[in-house]
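Text of structure.txt (compact mmCIF, C-alpha atoms and all ligand atoms) as supplied:
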# COMPACT_ATOMS: atom_id res chain seq x y z
CA MET A 1 -16.55 -11.91 -7.45
CA SER A 2 -19.50 -13.66 -5.94
CA PHE A 3 -21.54 -11.10 -4.02
CA LYS A 4 -22.65 -13.54 -1.39
CA ILE A 5 -20.68 -12.73 1.75
CA SER A 6 -21.27 -15.06 4.68
CA ALA A 7 -21.56 -13.70 8.21
CA ALA A 8 -18.20 -15.26 9.09
CA GLU A 9 -16.48 -13.76 6.02
CA TYR A 10 -17.96 -10.36 6.82
CA GLN A 11 -16.74 -10.51 10.41
CA GLU A 12 -13.25 -11.52 9.33
CA PHE A 13 -12.98 -8.65 6.85
CA HIS A 14 -14.55 -6.23 9.35
CA ASP A 15 -11.96 -7.11 12.01
CA TYR A 16 -9.10 -7.01 9.52
CA LEU A 17 -10.06 -3.47 8.47
CA GLU A 18 -10.40 -2.30 12.06
CA ASP A 19 -6.98 -3.75 12.98
CA SER A 20 -5.33 -2.28 9.88
CA CYS A 21 -6.64 1.27 9.93
CA GLY A 22 -9.13 1.72 12.76
CA ILE A 23 -12.20 1.93 10.55
CA VAL A 24 -15.25 0.17 11.96
CA LEU A 25 -17.72 -0.78 9.24
CA GLY A 26 -20.48 -1.67 11.71
CA PRO A 27 -22.99 -4.49 11.39
CA ASN A 28 -24.45 -5.64 8.09
CA ARG A 29 -22.54 -3.36 5.76
CA GLN A 30 -21.77 -6.10 3.25
CA TYR A 31 -22.83 -3.71 0.49
CA LEU A 32 -19.83 -1.49 1.31
CA ILE A 33 -17.47 -4.34 0.51
CA THR A 34 -19.18 -5.21 -2.74
CA SER A 35 -19.59 -1.62 -3.93
CA ARG A 36 -16.12 -0.41 -3.02
CA LEU A 37 -14.02 -3.47 -3.84
CA HIS A 38 -15.81 -4.69 -6.93
CA THR A 39 -13.38 -3.34 -9.56
CA LEU A 40 -10.28 -4.01 -7.52
CA LEU A 41 -11.18 -7.64 -6.90
CA ARG A 42 -12.11 -8.22 -10.51
CA HIS A 43 -8.69 -6.95 -11.61
CA ALA A 44 -6.95 -9.11 -8.99
CA ALA A 45 -8.98 -12.18 -10.07
CA ILE A 46 -10.35 -12.60 -6.57
CA ASP A 47 -13.87 -13.95 -6.45
CA THR A 48 -14.78 -14.42 -2.80
CA VAL A 49 -14.10 -12.59 0.44
CA ALA A 50 -12.50 -15.80 1.75
CA HIS A 51 -10.04 -15.66 -1.17
CA LEU A 52 -9.43 -11.96 -0.51
CA MET A 53 -8.65 -12.66 3.16
CA GLU A 54 -6.28 -15.45 2.18
CA ARG A 55 -4.33 -13.05 -0.06
CA LEU A 56 -4.31 -10.32 2.59
CA ARG A 57 -3.15 -12.71 5.31
CA SER A 58 -0.38 -14.03 3.03
CA GLY A 59 1.21 -10.56 3.24
CA ASP A 60 0.24 -9.08 -0.17
CA SER A 61 1.08 -5.52 0.87
CA ARG A 62 0.09 -3.92 -2.43
CA LEU A 63 -3.36 -5.46 -2.20
CA ARG A 64 -3.59 -4.34 1.43
CA VAL A 65 -2.90 -0.71 0.47
CA GLU A 66 -5.43 -0.89 -2.39
CA VAL A 67 -8.11 -2.37 -0.13
CA ILE A 68 -7.59 0.29 2.55
CA ASP A 69 -7.61 3.01 -0.13
CA ALA A 70 -10.89 1.71 -1.51
CA MET A 71 -12.56 1.30 1.87
CA THR A 72 -11.70 4.76 3.24
CA THR A 73 -13.79 7.85 2.55
CA ASN A 74 -11.64 10.55 0.99
CA GLU A 75 -14.28 13.26 0.73
CA THR A 76 -12.76 16.72 1.26
CA SER A 77 -12.89 20.30 0.01
CA TRP A 78 -11.10 23.65 0.34
CA PHE A 79 -11.76 25.52 3.59
CA ARG A 80 -14.17 22.78 4.56
CA ASP A 81 -16.78 24.02 7.08
CA THR A 82 -15.27 27.57 6.91
CA VAL A 83 -15.27 28.28 10.69
CA PRO A 84 -12.16 26.20 11.60
CA PHE A 85 -10.16 28.33 9.14
CA GLU A 86 -11.59 31.53 10.62
CA VAL A 87 -10.55 30.23 14.06
CA LEU A 88 -7.09 29.50 12.67
CA ASP A 89 -6.79 33.03 11.35
CA HIS A 90 -8.41 35.13 14.09
CA VAL A 91 -7.64 33.08 17.18
CA ILE A 92 -4.75 30.66 16.69
CA LEU A 93 -2.41 32.64 14.45
CA GLU A 94 -3.16 35.82 16.43
CA ASP A 95 -2.29 33.98 19.64
CA LEU A 96 0.96 32.61 18.19
CA TYR A 97 1.84 36.02 16.78
CA SER A 98 1.25 37.74 20.11
CA ARG A 99 3.47 35.11 21.76
CA LYS A 100 6.15 35.92 19.14
CA VAL A 101 6.26 32.34 17.80
CA GLN A 102 8.27 32.62 14.57
CA ASP A 103 8.14 29.04 13.39
CA PRO A 104 4.72 27.56 14.20
CA THR A 105 4.24 23.88 13.45
CA LEU A 106 0.86 22.63 12.28
CA TRP A 107 -0.37 19.17 11.37
CA SER A 108 -3.15 18.15 9.04
CA ALA A 109 -3.72 14.56 10.18
CA ALA A 110 -5.79 12.60 7.61
CA CYS A 111 -5.28 15.21 4.89
CA SER A 112 -6.83 13.24 2.01
CA SER A 113 -5.87 14.89 -1.32
CA GLY A 114 -4.31 17.94 0.35
CA GLN A 115 -7.06 20.58 0.34
CA GLU A 116 -7.05 20.95 4.14
CA ALA A 117 -3.26 21.35 4.39
CA TYR A 118 -3.10 23.86 1.53
CA SER A 119 -6.08 25.77 2.96
CA ILE A 120 -4.13 26.08 6.23
CA SER A 121 -1.11 27.30 4.29
CA MET A 122 -3.22 29.86 2.39
CA VAL A 123 -4.55 31.24 5.68
CA ILE A 124 -0.95 31.62 6.90
CA GLU A 125 0.06 33.26 3.61
CA GLU A 126 -2.78 35.76 3.88
CA PHE A 127 -1.96 36.45 7.54
CA MET A 128 1.63 37.19 6.48
CA THR A 129 0.52 39.77 3.93
CA ARG A 130 -1.16 41.66 6.78
CA ARG A 131 1.83 41.15 9.12
CA PRO A 132 4.92 40.77 6.96
CA MET A 133 7.24 39.94 9.85
CA ALA A 134 5.15 36.97 11.00
CA PHE A 135 5.76 33.25 10.64
CA ARG A 136 8.68 33.20 8.20
CA ASN A 137 9.33 29.55 9.06
CA ALA A 138 5.86 28.13 9.52
CA SER A 139 5.62 24.47 8.57
CA ILE A 140 2.71 22.14 7.97
CA LEU A 141 2.96 18.37 8.16
CA ALA A 142 0.19 16.62 6.24
CA THR A 143 -0.36 12.90 6.69
CA ASP A 144 -2.76 10.24 5.49
CA ILE A 145 -2.92 6.46 5.30
CA SER A 146 -3.83 6.53 1.60
CA THR A 147 -0.87 6.58 -0.76
CA LYS A 148 -3.20 7.39 -3.66
CA MET A 149 -4.49 10.51 -1.91
CA LEU A 150 -0.95 11.52 -0.93
CA ASP A 151 0.18 11.29 -4.57
CA GLN A 152 -2.43 13.81 -5.62
CA ALA A 153 -1.72 16.00 -2.58
CA ARG A 154 2.00 16.11 -3.39
CA SER A 155 1.30 17.01 -7.02
CA ALA A 156 -0.67 20.05 -5.71
CA THR A 157 -2.53 19.95 -9.02
CA TYR A 158 -6.32 20.00 -9.23
CA GLY A 159 -8.94 20.13 -11.98
CA SER A 160 -11.52 22.92 -12.23
CA ALA A 161 -14.25 20.76 -10.66
CA GLN A 162 -12.08 20.21 -7.57
CA LEU A 163 -11.20 23.90 -7.41
CA ASP A 164 -14.87 24.83 -7.45
CA ARG A 165 -15.41 23.11 -4.10
CA GLY A 166 -14.88 25.77 -1.47
CA LEU A 167 -12.53 28.27 -3.11
CA THR A 168 -13.44 31.88 -3.71
CA VAL A 169 -12.46 33.40 -7.05
CA LYS A 170 -10.10 35.69 -5.16
CA ARG A 171 -8.23 32.80 -3.56
CA ARG A 172 -8.14 30.91 -6.81
CA MET A 173 -6.47 33.87 -8.51
CA LEU A 174 -4.15 34.49 -5.57
CA HIS A 175 -2.88 31.02 -4.79
CA PHE A 176 -3.08 28.96 -8.01
CA GLU A 177 -1.49 28.99 -11.45
CA PRO A 178 -2.49 27.09 -14.58
CA PHE A 179 -0.57 23.84 -14.89
CA GLU A 180 -0.99 21.22 -17.63
CA THR A 181 -4.74 20.51 -17.80
CA GLY A 182 -5.50 21.93 -14.33
CA TYR A 183 -4.21 24.35 -11.74
CA ARG A 184 -1.33 24.07 -9.32
CA VAL A 185 -0.96 25.57 -5.87
CA LYS A 186 1.69 28.29 -6.08
CA ASP A 187 5.15 27.64 -4.60
CA LYS A 188 4.78 29.96 -1.62
CA VAL A 189 1.77 28.03 -0.33
CA ARG A 190 3.05 24.63 -1.47
CA ASN A 191 6.56 24.84 -0.04
CA ARG A 192 5.33 25.17 3.51
CA VAL A 193 3.62 21.74 3.37
CA ARG A 194 5.32 18.34 3.49
CA PHE A 195 3.41 15.10 3.09
CA ARG A 196 4.02 11.79 4.75
CA GLU A 197 2.23 8.46 4.93
CA LEU A 198 0.95 7.81 8.44
CA ASN A 199 -1.59 5.48 9.95
CA LEU A 200 -3.20 7.19 12.94
CA GLN A 201 -3.32 3.79 14.63
CA GLN A 202 0.47 3.89 14.90
CA GLU A 203 2.63 5.82 17.33
CA PHE A 204 3.47 9.36 16.26
CA ALA A 205 5.84 10.39 19.01
CA THR A 206 8.63 10.93 16.47
CA LEU A 207 6.73 13.56 14.47
CA GLY A 208 7.67 16.35 16.85
CA LYS A 209 5.45 18.81 18.73
CA PHE A 210 2.74 20.97 17.21
CA ASP A 211 1.10 24.31 17.89
CA CYS A 212 -2.04 23.15 16.15
CA ILE A 213 -3.49 19.86 14.92
CA PHE A 214 -6.33 19.56 12.44
CA CYS A 215 -7.83 16.06 12.47
CA ARG A 216 -11.24 16.31 10.93
CA ASN A 217 -13.81 13.88 9.62
CA VAL A 218 -11.90 10.68 10.22
CA LEU A 219 -12.23 9.78 13.94
CA ILE A 220 -15.94 9.41 13.32
CA TYR A 221 -15.21 6.11 11.50
CA PHE A 222 -13.22 4.64 14.42
CA SER A 223 -14.27 2.76 17.56
CA THR A 224 -14.60 4.71 20.82
CA THR A 225 -11.48 3.02 22.17
CA ALA A 226 -9.40 3.86 19.10
CA ARG A 227 -10.63 7.48 19.11
CA ALA A 228 -9.73 7.94 22.78
CA ALA A 229 -6.23 6.51 22.23
CA ILE A 230 -5.60 8.79 19.24
CA VAL A 231 -6.86 11.91 21.03
CA GLU A 232 -4.56 11.11 23.97
CA ARG A 233 -1.62 10.89 21.57
CA PHE A 234 -2.67 14.21 19.99
CA TRP A 235 -2.58 15.74 23.47
CA ASN A 236 0.98 14.47 23.87
CA ALA A 237 1.95 15.79 20.44
CA LEU A 238 0.70 19.31 21.19
CA LYS A 239 2.90 22.01 22.67
CA PRO A 240 1.56 23.63 25.85
CA GLY A 241 -1.40 25.80 24.86
CA GLY A 242 -1.62 24.05 21.46
CA TYR A 243 -4.93 23.72 19.62
CA LEU A 244 -6.88 20.67 18.43
CA LEU A 245 -9.45 21.13 15.68
CA LEU A 246 -11.75 18.17 15.06
CA GLY A 247 -14.69 17.63 12.70
CA GLY A 248 -18.08 19.04 13.67
CA ALA A 249 -19.34 15.61 14.83
CA GLU A 250 -16.15 14.70 16.73
CA SER A 251 -14.94 15.44 20.26
CA PRO A 252 -11.82 14.73 22.36
CA ILE A 253 -13.38 11.63 23.84
CA GLY A 254 -11.58 10.40 26.97
CA SER A 255 -9.44 13.56 27.24
CA HIS A 256 -12.07 16.27 27.74
CA THR A 257 -10.62 17.41 31.04
CA ARG A 258 -7.15 17.84 29.58
CA PHE A 259 -8.42 20.37 27.03
CA GLN A 260 -10.14 23.70 27.44
CA SER A 261 -13.21 23.78 25.15
CA MET A 262 -13.55 26.90 23.06
CA ILE A 263 -16.39 27.90 20.79
CA GLU A 264 -16.76 30.07 17.72
CA ASN A 265 -19.96 30.29 15.76
CA LYS A 266 -21.26 27.00 17.22
CA TYR A 267 -17.99 25.22 16.30
CA LEU A 268 -16.20 23.64 19.28
CA TYR A 269 -12.42 23.41 19.26
CA TYR A 270 -9.90 22.58 21.96
CA LYS A 271 -6.83 24.05 23.63
CA LYS A 272 -4.35 21.95 25.56
CA LYS A 273 -4.45 22.88 29.26
C1 LIG A 301 -13.13 12.11 4.92
S1 LIG A 301 -11.40 12.35 4.66
C2 LIG A 301 -11.13 13.83 5.59
C3 LIG A 301 -10.15 14.77 4.91
C4 LIG A 301 -9.97 16.12 5.62
N1 LIG A 301 -9.45 15.96 6.95
C5 LIG A 301 -11.28 16.85 5.65
O1 LIG A 301 -11.89 17.00 6.71
O2 LIG A 301 -11.72 17.32 4.59
C6 LIG A 301 -10.76 11.06 5.72
C7 LIG A 301 -9.29 10.72 5.43
O3 LIG A 301 -8.84 9.90 6.50
C8 LIG A 301 -7.92 8.97 5.97
N2 LIG A 301 -7.77 7.85 6.91
C9 LIG A 301 -8.64 6.85 7.17
N3 LIG A 301 -8.15 6.02 8.09
C10 LIG A 301 -6.94 6.52 8.46
C11 LIG A 301 -5.92 6.11 9.37
N4 LIG A 301 -6.05 5.01 10.13
N5 LIG A 301 -4.81 6.85 9.47
C12 LIG A 301 -4.64 7.96 8.72
N6 LIG A 301 -5.56 8.40 7.83
C13 LIG A 301 -6.69 7.69 7.70
C14 LIG A 301 -8.53 8.58 4.63
O4 LIG A 301 -7.56 8.03 3.76
C15 LIG A 301 -9.10 9.92 4.16
O5 LIG A 301 -8.20 10.58 3.30
Could the structure of this file be written out as structure tokens, please?
Amino acid sequence: MSFKISAAEYQEFHDYLEDSCGIVLGPNRQYLITSRLHTLLRHAAIDTVAHLMERLRSGDSRLRVEVIDAMTTNETSWFRDTVPFEVLDHVILEDLYSRKVQDPTLWSAACSSGQEAYSISMVIEEFMTRRPMAFRNASILATDISTKMLDQARSATYGSAQLDRGLTVKRRMLHFEPFETGYRVKDKVRNRVRFRELNLQQEFATLGKFDCIFCRNVLIYFSTTARAAIVERFWNALKPGGYLLLGGAESPIGSHTRFQSMIENKYLYYKKK
């Protein structure tokens, strides 16, 4: 691939990415295209961005998925940022338990390789050991746009290096078992989670209603307009009194007044009014 990307080529790719998945690269980020697509384009024998756009516009859906996969940031870890999972345990699950909700529904939107969804499930599992009658039918929907990430998430299998990121030894012993060359999340934690491909740009009215939505560290890449539209749809997808947990740098833009802001240890989270 030639690494010279004209301003017009950059704009065309930029707009294509924003339309496809909401991600806004911002001005002059040509280096992101070259660094992230280099290998993929070499394998596909594509040597200019103009050629790439031609293939994408011709409806090459496999290439489209690969390009989106390569351009998205999949960074994640177990119990990322800690506090949201403490809030889940001490505030949200306690609230649902006191309201006698037997079958809470939770959603990890933009779940990457599954660590967030399984961390949620581990918190529920641990809550249930303290209160054995609670949440027999809890379910977690985990979605992402990246099919590659979803494949790993569904396998529930991780190498030691991945396990080291955010898991205590106690949780590792409690919730994982050796599997092939790595470790697999145990059935009890795994069976509560189902994975599904979903682009947050699309409608999600058919997913059902949730007691709690985690959508962290993805809206930050979207335009203000796209963020506001997604947060509004989250509001619709929440049950009355449901909770929205965003990333530390994200807020329910455009829908502030429809949520009650709550704070724990400097972390802001939101409850549907
Ligand atoms: C940085 S990861 C965050 C993972 C996890 N929520 C966390 O906080 O650790 C962002 C994820 O958002 C996904 N993503 C990006 N654009 C998306 C879209 N339009 N719809 C759904 N998922 C998207 C990416 O594939 C990636 O897995």
With all atoms listed in the file counted and 8 Å as the cut-off, give the residues of chain A in contact with ligand LIG 301 (chain A), each with its shortest interatomic distance in Å and the pair that gives it, as a tab-separated table.
residue	atom	partner	partner_atom	distance
A:Ser20	CA	A:LIG301	N4	7.3
A:Cys21	CA	A:LIG301	N4	3.8
A:Gly22	CA	A:LIG301	N4	5.2
A:Ile23	CA	A:LIG301	N3	6.3
A:Ile68	CA	A:LIG301	O4	7.8
A:Asp69	CA	A:LIG301	O4	6.4
A:Thr72	CA	A:LIG301	C14	5.2
A:Thr73	CA	A:LIG301	C1	4.9
A:Asn74	CA	A:LIG301	S1	4.1
A:Glu75	CA	A:LIG301	C1	4.5
A:Thr76	CA	A:LIG301	O2	3.5
A:Ser77	CA	A:LIG301	O2	5.6
A:Trp78	CA	A:LIG301	O2	7.6
A:Arg80	CA	A:LIG301	O2	6.0
A:Ser108	CA	A:LIG301	N1	7.0
A:Ala109	CA	A:LIG301	N1	6.7
A:Ala110	CA	A:LIG301	N6	4.2
A:Cys111	CA	A:LIG301	N1	4.7
A:Ser112	CA	A:LIG301	O5	3.3
A:Ser113	CA	A:LIG301	O5	6.7
A:Gly114	CA	A:LIG301	C4	7.9
A:Gln115	CA	A:LIG301	O2	7.1
A:Glu116	CA	A:LIG301	C4	5.8
A:Thr143	CA	A:LIG301	C12	6.8
A:Asp144	CA	A:LIG301	N6	4.1
A:Ile145	CA	A:LIG301	C12	4.1
A:Ser146	CA	A:LIG301	O4	4.6
A:Met149	CA	A:LIG301	O5	6.4
A:Glu197	CA	A:LIG301	C12	7.9
A:Leu198	CA	A:LIG301	C12	5.6
A:Asn199	CA	A:LIG301	N5	3.5
A:Leu200	CA	A:LIG301	N5	3.8
A:Gln201	CA	A:LIG301	N4	5.4
A:Phe214	CA	A:LIG301	N1	7.3
A:Cys215	CA	A:LIG301	N1	5.8
A:Arg216	CA	A:LIG301	O1	4.3
A:Asn217	CA	A:LIG301	O1	4.7
A:Val218	CA	A:LIG301	C6	4.7
A:Tyr221	CA	A:LIG301	N3	7.8
A:Gly247	CA	A:LIG301	O1	6.6
Practice item. One decimal, Å: what's the distance from CA of Ala228 (chain A) over to CA of Ser251 (chain A), could you say? Key: 9.5 Å
Check your understanding: For Lys186 (chain A), which of A:Gln162, A:Thr129, A:Ser121, A:Thr147 is the closest residue, counting all atoms listed in the file?
Key ->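 Ranked by minimum distance to Lys186 (chain A), first place goes to A:Ser121.
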Review point. What does the distance between CA of Ala237 (chain A) and CA of Glu203 (chain A) come to in Å, to one decimal place?
Key: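 If I compute the distance from CA of Ala237 (chain A) to CA of Glu203 (chain A), I get 10.5 Å.
Residues surrounding region 40-44 of chain A within 12 Å are A:Met1, A:Ser2, A:Phe3, A:Ile33, A:Thr34, A:Ser35, A:Arg36, A:Thr48, A:Val49, A:Ala50, A:His51, A:Leu52, A:Met53, A:Arg55, A:Leu56, A:Asp60, A:Arg62, A:Leu63, A:Arg64, A:Val65, A:Glu66, A:Val67, A:Ile68, A:Asp69, A:Ala70, A:Met71 [all atoms listed in the file; sequence separation below 4 positions excluded].
Note that CA of Thr168 (chain A) and CA of Thr181 (chain A) are 20.1 Å apart.
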Exercise for review: Point out the residue among A:Tyr269, A:Phe85, A:Phe222, A:Trp107 with the least atom-to-atom distance to Glu126 (chain A), counting all atoms listed in the file.
Suggested key: A:Phe85
Revision key, fill the gap. The residue from A:Gly208, A:Gly166, A:Gly159, A:Gly254 with the smallest atom-to-atom distance to Lys239 (chain A), counting only C-alpha atoms, is A:Gly208
Practice item. Go ahead and find all residues with at least one atom no further than 12 Å from (-9.4, 34.9, -3.1) in the file's coordinates, using all atoms listed in the file; report them as an MDAnalysis selection string. Key: chainID A and resid 78:79 119 122:123 125:126 163 166:176
